[in-house]
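Asks: For reference, this is structure05.cif, and it has mmCIF, C-alpha atoms.
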```
data_final
#
loop_
_atom_site.group_PDB
_atom_site.id
_atom_site.type_symbol
_atom_site.label_atom_id
_atom_site.label_comp_id
_atom_site.auth_asym_id
_atom_site.auth_seq_id
_atom_site.Cartn_x
_atom_site.Cartn_y
_atom_site.Cartn_z
ATOM 1 C CA MET A 1 -51.028 -2.990 2.871
ATOM 2 C CA PRO A 2 -47.439 -2.076 3.859
ATOM 3 C CA ALA A 3 -44.941 -1.208 1.110
ATOM 4 C CA LYS A 4 -43.054 -4.522 1.257
ATOM 5 C CA GLU A 5 -46.257 -6.538 0.932
ATOM 6 C CA THR A 6 -47.513 -4.373 -1.941
ATOM 7 C CA ILE A 7 -44.225 -4.684 -3.823
ATOM 8 C CA ARG A 8 -44.073 -8.449 -3.199
ATOM 9 C CA ALA A 9 -47.642 -8.843 -4.508
ATOM 10 C CA TYR A 10 -46.745 -6.704 -7.558
ATOM 11 C CA TYR A 11 -43.809 -8.930 -8.497
ATOM 12 C CA ASP A 12 -45.675 -12.143 -7.670
ATOM 13 C CA ALA A 13 -48.471 -11.101 -10.052
ATOM 14 C CA PHE A 14 -45.886 -10.163 -12.713
ATOM 15 C CA ASN A 15 -44.151 -13.546 -12.450
ATOM 16 C CA ARG A 16 -47.509 -15.364 -12.707
ATOM 17 C CA GLN A 17 -48.428 -13.131 -15.668
ATOM 18 C CA ASP A 18 -51.656 -12.356 -13.806
ATOM 19 C CA MET A 19 -52.116 -8.958 -15.413
ATOM 20 C CA GLU A 20 -55.454 -8.225 -13.716
ATOM 21 C CA ALA A 21 -53.938 -8.741 -10.242
ATOM 22 C CA PHE A 22 -50.905 -6.747 -11.392
ATOM 23 C CA PHE A 23 -52.995 -3.775 -12.536
ATOM 24 C CA ASP A 24 -55.215 -3.963 -9.436
ATOM 25 C CA LEU A 25 -52.114 -3.031 -7.424
ATOM 26 C CA LEU A 26 -51.706 0.267 -9.312
ATOM 27 C CA HIS A 27 -53.284 3.638 -8.552
ATOM 28 C CA ASP A 28 -55.373 4.957 -11.446
ATOM 29 C CA ASP A 29 -52.907 7.872 -11.728
ATOM 30 C CA VAL A 30 -49.760 5.753 -11.353
ATOM 31 C CA ILE A 31 -46.530 7.400 -12.520
ATOM 32 C CA HIS A 32 -44.242 5.085 -14.489
ATOM 33 C CA ASP A 33 -40.668 6.193 -15.140
ATOM 34 C CA ILE A 34 -39.327 3.966 -17.910
ATOM 35 C CA ASN A 35 -35.645 3.002 -17.841
ATOM 36 C CA GLN A 36 -33.712 5.461 -20.032
ATOM 37 C CA GLY A 37 -37.058 6.640 -21.386
ATOM 38 C CA GLY A 38 -39.898 8.947 -20.587
ATOM 39 C CA ARG A 39 -42.560 9.215 -17.941
ATOM 40 C CA GLN A 40 -46.054 7.828 -18.411
ATOM 41 C CA VAL A 41 -49.007 8.672 -16.189
ATOM 42 C CA GLY A 42 -52.091 6.574 -15.616
ATOM 43 C CA LYS A 43 -53.112 2.955 -15.453
ATOM 44 C CA ASP A 44 -54.233 2.946 -19.114
ATOM 45 C CA ALA A 45 -50.761 4.042 -20.263
ATOM 46 C CA PHE A 46 -49.221 1.325 -18.082
ATOM 47 C CA ARG A 47 -51.580 -1.278 -19.630
ATOM 48 C CA THR A 48 -50.479 -0.224 -23.132
ATOM 49 C CA PHE A 49 -46.809 -0.367 -22.081
ATOM 50 C CA MET A 50 -47.191 -3.850 -20.582
ATOM 51 C CA ALA A 51 -49.076 -5.165 -23.641
ATOM 52 C CA HIS A 52 -46.122 -4.044 -25.788
ATOM 53 C CA MET A 53 -43.590 -5.544 -23.366
ATOM 54 C CA ASN A 54 -45.425 -8.870 -23.177
ATOM 55 C CA ARG A 55 -45.425 -9.113 -26.998
ATOM 56 C CA SER A 56 -41.689 -8.443 -27.259
ATOM 57 C CA TYR A 57 -40.332 -10.076 -24.103
ATOM 58 C CA ARG A 58 -40.998 -13.032 -21.822
ATOM 59 C CA GLU A 59 -39.509 -12.304 -18.403
ATOM 60 C CA THR A 60 -39.376 -13.825 -14.951
ATOM 61 C CA LEU A 61 -37.823 -12.051 -11.986
ATOM 62 C CA THR A 62 -35.696 -13.932 -9.459
ATOM 63 C CA ASP A 63 -33.525 -13.110 -6.438
ATOM 64 C CA ILE A 64 -35.961 -10.348 -5.466
ATOM 65 C CA VAL A 65 -34.894 -8.294 -2.444
ATOM 66 C CA ILE A 66 -37.413 -5.714 -1.218
ATOM 67 C CA MET A 67 -36.684 -2.757 1.059
ATOM 68 C CA SER A 68 -38.988 -0.083 2.418
ATOM 69 C CA SER A 69 -38.959 3.113 4.409
ATOM 70 C CA GLU A 70 -40.105 2.976 8.018
ATOM 71 C CA ASP A 71 -43.305 4.881 7.208
ATOM 72 C CA GLY A 72 -44.180 2.416 4.399
ATOM 73 C CA ARG A 73 -44.537 5.152 1.765
ATOM 74 C CA ARG A 74 -41.438 4.302 -0.260
ATOM 75 C CA GLY A 75 -39.823 1.075 -1.305
ATOM 76 C CA ALA A 76 -37.196 -0.401 -3.563
ATOM 77 C CA ALA A 77 -36.469 -3.776 -5.060
ATOM 78 C CA GLU A 78 -33.389 -5.349 -6.551
ATOM 79 C CA PHE A 79 -33.773 -8.440 -8.718
ATOM 80 C CA VAL A 80 -32.525 -10.435 -11.677
ATOM 81 C CA VAL A 81 -34.469 -10.383 -14.949
ATOM 82 C CA ASN A 82 -34.413 -13.747 -16.733
ATOM 83 C CA GLY A 83 -35.788 -13.091 -20.176
ATOM 84 C CA GLN A 84 -36.286 -14.046 -23.767
ATOM 85 C CA TYR A 85 -36.453 -11.494 -26.586
ATOM 86 C CA LEU A 86 -39.461 -12.565 -28.683
ATOM 87 C CA ALA A 87 -40.273 -9.765 -31.141
ATOM 88 C CA THR A 88 -38.075 -6.909 -32.361
ATOM 89 C CA ASP A 89 -38.590 -3.703 -30.414
ATOM 90 C CA GLU A 90 -38.191 -0.494 -32.447
ATOM 91 C CA GLY A 91 -34.656 0.918 -32.340
ATOM 92 C CA LEU A 92 -33.220 -2.216 -30.728
ATOM 93 C CA PRO A 93 -31.422 -5.272 -32.133
ATOM 94 C CA GLU A 94 -33.475 -7.811 -34.076
ATOM 95 C CA ALA A 95 -35.191 -10.438 -31.964
ATOM 96 C CA ASN A 96 -34.734 -14.128 -32.642
ATOM 97 C CA GLY A 97 -35.497 -15.695 -29.266
ATOM 98 C CA GLN A 98 -32.267 -14.606 -27.562
ATOM 99 C CA THR A 99 -32.140 -15.120 -23.795
ATOM 100 C CA TYR A 100 -30.687 -12.697 -21.287
ATOM 101 C CA VAL A 101 -29.980 -12.399 -17.557
ATOM 102 C CA LEU A 102 -29.910 -8.837 -16.321
ATOM 103 C CA PRO A 103 -29.591 -7.261 -12.873
ATOM 104 C CA ALA A 104 -32.226 -4.567 -12.353
ATOM 105 C CA GLY A 105 -33.974 -2.502 -9.732
ATOM 106 C CA ALA A 106 -37.012 -0.361 -9.096
ATOM 107 C CA PHE A 107 -38.078 2.440 -6.794
ATOM 108 C CA PHE A 108 -41.665 2.733 -5.585
ATOM 109 C CA GLU A 109 -44.002 5.193 -3.960
ATOM 110 C CA ILE A 110 -46.892 3.476 -2.202
ATOM 111 C CA ARG A 111 -50.191 5.211 -1.428
ATOM 112 C CA ASP A 112 -53.248 3.538 0.100
ATOM 113 C CA GLY A 113 -51.639 0.112 -0.348
ATOM 114 C CA LYS A 114 -51.179 0.612 -4.096
ATOM 115 C CA VAL A 115 -48.270 1.565 -6.351
ATOM 116 C CA ALA A 116 -48.447 5.307 -7.024
ATOM 117 C CA ARG A 117 -45.039 5.569 -8.734
ATOM 118 C CA ILE A 118 -42.512 3.082 -10.106
ATOM 119 C CA SER A 119 -39.120 3.894 -11.593
ATOM 120 C CA ASN A 120 -37.283 0.978 -13.196
ATOM 121 C CA THR A 121 -33.567 0.842 -13.835
ATOM 122 C CA TYR A 122 -31.236 -1.586 -15.608
ATOM 123 C CA ASN A 123 -28.156 -1.389 -17.803
ATOM 124 C CA LEU A 124 -29.451 -1.138 -21.385
ATOM 125 C CA ASN A 125 -25.935 -1.538 -22.819
ATOM 126 C CA ASP A 126 -25.555 -4.847 -20.943
ATOM 127 C CA TRP A 127 -28.889 -6.039 -22.380
ATOM 128 C CA ILE A 128 -27.874 -5.011 -25.923
ATOM 129 C CA ALA A 129 -24.548 -6.843 -25.531
ATOM 130 C CA GLN A 130 -26.428 -9.999 -24.517
ATOM 131 C CA VAL A 131 -29.007 -9.954 -27.353
ATOM 132 C CA GLY A 132 -27.117 -8.104 -30.109
ATOM 133 C CA ALA A 133 -24.741 -9.362 -32.770
#
```
The structure in this file should be written as structure tokens.

Replies:
Amino acid sequence: MPAKETIRAYYDAFNRQDMEAFFDLLHDDVIHDINQGGRQVGKDAFRTFMAHMNRSYRETLTDIVIMSSEDGRRGAAEFVVNGQYLATDEGLPEANGQTYVLPAGAFFEIRDGKVARISNTYNLNDWIAQVGA
């Protein structure tokens, strides 16, 4: 599957909250670079990360624009995160159902039609300003 199709399927599964389809699009040794955080390796680590995220946040992505390299090995996406902060995440403001709209992006490496690496980026200070105080 070409990079654009893989990335589109990844975000479609995310928006449907079809976690099995979502994880099926990942390599077993997927590298996940977390925005302003560390690097996790492996599908099991990604499952744990997503379980935490789905407890604390409800998000839908809109205005998704996907780009890819000519050889189909790399891709990027720009999108808008439409979210609700459900449960307080450690070190962040207290959650009480606040909503937020946040521009974001991601960079991908695609191997064998699956996501081998994803690096997410968004402005954490913008998010804190929207949900804080």

Asks: Taking all atoms listed in the file into account, name the residue in A:Phe46, A:Tyr11, A:Phe79, A:Tyr57 that is nearest to Ala116 in chain A.

Replies: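 Of all the options, A:Phe46 lies closest to Ala116 in chain A.
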
Asks: Enumerate, as a ChimeraX atom specification, the residues matched when the PyMOL selection byres ((chain A and resi 14) around 12) is run on the file above.

Replies: /A:7-13,15-25,50,53-54,58-62,81

Asks: Give as a PyMOL selection string the residues that the PyMOL selection byres ((chain A and resi 97-108) around 8) matches when applied to the coordinates above.

Replies: chain A and resi 74-87+95-96+109-110+115-123+126-127+130-131

Asks: The residues within 9 Å of (-45.5, -0.7, -17.4), using all atoms listed in the file and the coordinates of the file, should be reported as a PDB file with C-alpha atoms, keeping the file's coordinate frame; which are they?

Replies:
```pdb
ATOM      1  CA  HIS A  32     -44.242   5.085 -14.489  1.00  0.00           C
ATOM      2  CA  ASP A  33     -40.668   6.193 -15.140  1.00  0.00           C
ATOM      3  CA  ILE A  34     -39.327   3.966 -17.910  1.00  0.00           C
ATOM      4  CA  GLN A  40     -46.054   7.828 -18.411  1.00  0.00           C
ATOM      5  CA  LYS A  43     -53.112   2.955 -15.453  1.00  0.00           C
ATOM      6  CA  ALA A  45     -50.761   4.042 -20.263  1.00  0.00           C
ATOM      7  CA  PHE A  46     -49.221   1.325 -18.082  1.00  0.00           C
ATOM      8  CA  ARG A  47     -51.580  -1.278 -19.630  1.00  0.00           C
ATOM      9  CA  THR A  48     -50.479  -0.224 -23.132  1.00  0.00           C
ATOM     10  CA  PHE A  49     -46.809  -0.367 -22.081  1.00  0.00           C
ATOM     11  CA  MET A  50     -47.191  -3.850 -20.582  1.00  0.00           C
ATOM     12  CA  ALA A  51     -49.076  -5.165 -23.641  1.00  0.00           C
ATOM     13  CA  MET A  53     -43.590  -5.544 -23.366  1.00  0.00           C
ATOM     14  CA  ILE A 118     -42.512   3.082 -10.106  1.00  0.00           C
TER      15      ILE A 118
END
```

Asks: Using all atoms listed in the file, which residue out of A:Ile128, A:Gly72, A:Pro93, A:Met67 lies closest to Gly113 in chain A?

Replies: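 With all atoms listed in the file as the atom set, the closest residue is A:Gly72.
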
Asks: For Asp89 in chain A, which residue out of A:Arg111, A:Val65, A:Val41, A:Arg55 is the nearest one, using all atoms listed in the file?

Replies: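 For Asp89 in chain A, the nearest of the candidates is A:Arg55.
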